[in-house]
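The file model36.txt contains compact mmCIF, C-alpha atoms:
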```
# COMPACT_ATOMS: atom_id res chain seq x y z
CA MET A 1 15.42 11.71 0.45
CA PRO A 2 14.77 8.62 2.59
CA ASN A 3 13.92 5.43 0.76
CA VAL A 4 12.18 2.49 2.45
CA ARG A 5 12.09 -0.89 0.77
CA PHE A 6 10.40 -4.09 1.91
CA SER A 7 9.93 -7.36 0.08
CA ASP A 8 7.88 -10.36 1.09
CA VAL A 9 6.66 -13.73 -0.11
CA ILE A 10 2.91 -14.23 0.15
CA ASP A 11 1.34 -17.71 0.11
CA SER A 12 -1.14 -16.86 -2.66
CA GLY A 13 -0.93 -16.73 -6.42
CA ALA A 14 0.09 -13.43 -8.00
CA ASP A 15 -3.28 -12.92 -9.68
CA ASP A 16 -5.07 -13.35 -6.35
CA VAL A 17 -2.71 -10.90 -4.63
CA TRP A 18 -3.08 -8.40 -7.44
CA THR A 19 -6.89 -8.65 -7.45
CA VAL A 20 -6.94 -7.44 -3.82
CA LEU A 21 -4.04 -4.98 -4.05
CA LYS A 22 -5.30 -3.09 -7.10
CA LYS A 23 -8.61 -2.22 -5.41
CA PHE A 24 -7.26 1.14 -4.31
CA GLY A 25 -10.38 2.15 -2.41
CA GLU A 26 -10.57 -1.05 -0.36
CA LEU A 27 -7.40 -0.76 1.74
CA ALA A 28 -9.37 -0.88 5.01
CA LYS A 29 -10.47 -4.43 4.19
CA TRP A 30 -6.98 -5.75 4.89
CA HIS A 31 -4.56 -3.12 6.32
CA PRO A 32 -4.59 -3.06 10.15
CA ALA A 33 -3.70 0.65 10.43
CA ILE A 34 -6.71 1.73 8.34
CA ALA A 35 -10.16 1.96 9.93
CA ALA A 36 -11.97 3.14 6.78
CA SER A 37 -11.15 3.83 3.13
CA SER A 38 -13.14 5.16 0.20
CA ILE A 39 -12.70 6.70 -3.23
CA LEU A 40 -13.62 10.38 -3.34
CA ASP A 41 -15.92 11.87 -5.98
CA GLY A 42 -17.48 8.51 -6.85
CA SER A 43 -14.77 7.82 -9.44
CA PRO A 44 -14.28 4.22 -10.57
CA ASP A 45 -11.72 2.32 -8.49
CA SER A 46 -8.33 1.38 -10.00
CA THR A 47 -8.27 4.42 -12.30
CA PRO A 48 -5.09 6.56 -12.33
CA GLY A 49 -5.75 9.97 -10.82
CA ILE A 50 -8.40 8.87 -8.34
CA VAL A 51 -8.05 9.94 -4.72
CA ARG A 52 -8.82 7.78 -1.73
CA LYS A 53 -9.58 9.02 1.75
CA LEU A 54 -8.22 6.97 4.62
CA THR A 55 -9.25 7.13 8.24
CA LEU A 56 -6.53 5.77 10.49
CA GLN A 57 -7.23 3.75 13.63
CA ASP A 58 -6.51 6.85 15.76
CA GLY A 59 -9.12 8.88 13.82
CA ALA A 60 -6.65 10.93 11.77
CA THR A 61 -7.42 11.21 8.05
CA MET A 62 -5.31 11.39 4.94
CA THR A 63 -5.74 11.33 1.18
CA GLU A 64 -3.71 9.52 -1.44
CA ARG A 65 -3.71 9.80 -5.24
CA LEU A 66 -3.25 6.76 -7.50
CA LEU A 67 -0.47 7.69 -9.93
CA SER A 68 -0.27 4.57 -12.04
CA ILE A 69 -1.66 1.08 -12.31
CA ASP A 70 -0.30 -1.63 -14.60
CA ASP A 71 -2.34 -4.84 -14.70
CA GLY A 72 0.14 -6.58 -17.03
CA ASN A 73 3.04 -6.11 -14.63
CA ARG A 74 0.86 -6.18 -11.49
CA ALA A 75 2.25 -2.85 -10.30
CA LEU A 76 0.89 0.44 -8.99
CA SER A 77 2.12 3.66 -7.46
CA TYR A 78 0.48 6.37 -5.39
CA LYS A 79 1.38 9.51 -3.48
CA PHE A 80 0.23 11.26 -0.35
CA GLU A 81 -1.95 14.27 -1.09
CA GLU A 82 -2.58 15.19 2.55
CA ALA A 83 -1.20 13.31 5.55
CA PRO A 84 -0.82 13.94 9.28
CA LEU A 85 2.95 13.45 8.99
CA PRO A 86 5.82 15.90 8.41
CA LEU A 87 6.58 14.33 5.02
CA ASP A 88 6.51 15.73 1.51
CA ASN A 89 6.70 14.03 -1.88
CA TYR A 90 5.80 10.60 -0.48
CA VAL A 91 5.48 8.07 -3.31
CA LEU A 92 4.97 4.34 -2.87
CA LYS A 93 5.45 1.76 -5.61
CA VAL A 94 4.41 -1.87 -5.23
CA SER A 95 4.67 -4.83 -7.59
CA VAL A 96 3.64 -8.47 -7.43
CA THR A 97 5.58 -11.25 -9.19
CA PRO A 98 4.55 -14.91 -9.38
CA LEU A 99 7.03 -17.48 -8.09
CA THR A 100 7.48 -20.09 -10.81
CA GLY A 101 5.91 -23.45 -10.07
CA GLN A 102 4.42 -22.29 -6.75
CA LYS A 103 1.18 -20.74 -5.59
CA LYS A 104 3.21 -17.96 -3.97
CA SER A 105 4.03 -14.39 -4.90
CA PHE A 106 6.95 -12.06 -4.39
CA ILE A 107 5.77 -8.58 -3.44
CA ASP A 108 8.10 -5.60 -3.54
CA TRP A 109 7.24 -2.33 -1.78
CA GLU A 110 9.30 0.85 -2.14
CA ALA A 111 8.55 4.28 -0.66
CA SER A 112 10.47 7.52 -0.95
CA PHE A 113 9.76 10.86 0.70
CA ASP A 114 11.25 14.14 1.88
CA LEU A 115 11.29 15.18 5.52
CA ARG A 116 10.23 18.66 6.61
CA GLU A 117 12.56 18.50 9.60
CA SER A 118 15.70 16.69 10.66
CA ASP A 119 15.12 13.12 11.79
CA PRO A 120 18.45 11.84 13.17
CA SER A 121 16.77 8.87 14.88
CA LYS A 122 15.09 7.95 11.56
CA GLN A 123 11.75 7.57 13.31
CA TYR A 124 9.78 8.36 10.14
CA GLU A 125 11.73 5.83 8.09
CA SER A 126 11.01 3.28 10.81
CA LEU A 127 7.33 4.25 10.91
CA MET A 128 6.94 3.92 7.13
CA ALA A 129 8.82 0.60 7.16
CA GLU A 130 6.54 -0.74 9.90
CA LEU A 131 3.37 0.40 8.08
CA ILE A 132 4.51 -1.31 4.89
CA ALA A 133 5.64 -4.51 6.64
CA SER A 134 2.46 -4.80 8.72
CA GLY A 135 0.35 -4.14 5.63
CA SER A 136 2.17 -6.81 3.62
CA LYS A 137 1.74 -9.35 6.42
CA ALA A 138 -1.95 -8.46 6.78
CA LEU A 139 -2.46 -8.74 3.01
CA GLY A 140 -1.07 -12.27 3.10
CA GLU A 141 -3.30 -13.20 6.07
CA HIS A 142 -6.35 -11.68 4.35
CA LEU A 143 -5.72 -13.80 1.26
CA LEU A 144 -5.19 -16.99 3.28
CA ASN A 145 -8.43 -16.39 5.17
CA ALA A 146 -10.30 -15.72 1.92
CA ALA A 147 -8.99 -18.98 0.46
CA LYS A 148 -10.36 -20.92 3.45
CA ARG A 149 -13.92 -19.67 2.88
```
For this file, produce the structure as structure tokens.
Amino acid sequence: MPNVRFSDVIDSGADDVWTVLKKFGELAKWHPAIAASSILDGSPDSTPGIVRKLTLQDGATMTERLLSIDDGNRALSYKFEEAPLPLDNYVLKVSVTPLTGQKKSFIDWEASFDLRESDPSKQYESLMAELIASGSKALGEHLLNAAKR
């Protein structure tokens, strides 16, 4: 089972980062790979069990289910329900930790998944790592831009 981990420091307070990150249905507002995102069935956002539909920039769609959300620890996890990738059992966990005495946050992303086929070049690990890294960078930029308004 491949495991991808990425950590980052974002130049925003942990509460500000968490306020954006926990809005499960609003991923398209800040992630560059996502053209549109919405919660299915009109369920309230940030509720475990809800499913979001994502439309990728290339027009492909996927769905993800929110498994857990913990406001106290600023952490959530979700899994792929349907995705245009040869992956099974994809679960991503993310947490946000304040950096003491600074208006910065440590964000830790970890994804694990099974591959349906051999991947000796580790292209799917690289793809998942790039999606996570680009999303983390874009989240930081989104927060900096919001702070300037």
Which residues of stretch 55-89 of chain A have any atom within 7 Å of an atom in stretch 99-118 of chain A when counting all atoms listed in the file, and what is the closest pair of atoms for each, with the distance in Å to one decimal? Order the rows by chain and rising number and write it as CSV.
```
residue,atom,partner,partner_atom,distance
A:Pro86,CA,A:Arg116,CA,5.5
A:Leu87,CA,A:Leu115,CA,4.8
A:Asp88,CA,A:Asp114,CA,5.0
A:Asn89,CA,A:Phe113,CA,5.1
```
Nearest candidate to A:Ala28 (options A:Thr47, A:Gln57, A:Ser12, A:Ser7; using all atoms listed in the file): A:Gln57
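The residue that comes closest to A:Ser77, out of A:Ile50, A:Ala60, A:Leu40, A:Leu144 and on the basis of only C-alpha atoms, is A:Ile50.
Of the listed residues A:Glu141, A:Asp11, A:Asn3, A:Val96, the one whose atoms come nearest to A:Asn73 is A:Val96, with distances taken using all atoms listed in the file.
Among A:Ile69, A:Val94, A:Ile34, A:Val51, the residue with the shortest atom-to-atom distance to A:Asp8, counting all atoms listed in the file, is A:Val94.
Taking atom CA of A:Asn145 and atom CA of A:Leu127 as endpoints, the distance between them is 26.6 Å.
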A:Leu139, A:Met62, A:Ala14, A:Ala129 ranked by distance to A:Pro32, top pick (using all atoms listed in the file): A:Leu139
Coordinates-based distance that separates atom CA of A:Thr55 from atom CA of A:Ala35 (Å, one decimal):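 Computed distance, atom CA of A:Ala35 to atom CA of A:Thr55, equals 5.5 Å.
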Contacts of A:Glu64 at 9 Å (only C-alpha atoms; same-chain gap of 2+ positions) as a ChimeraX atom specification: /A:50-54,62,66,78-83
Stretch 132-138 of chain A environment, 7 Å, all atoms listed in the file, sequence neighbours closer than 5 positions dropped, as a list of chain:residue names: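 Within the cut-off, the hits are A:Phe6, A:Trp30, A:His31, A:Pro32.
You can rank A:Phe24, A:Trp18, A:Tyr90, A:Tyr124 by their closest distance to A:Arg74 using only C-alpha atoms, and at the top of that list sits A:Trp18.
Taking atom CA of A:Arg149 and atom CA of A:Ala36 as the two end points, the separation is 23.2 Å.
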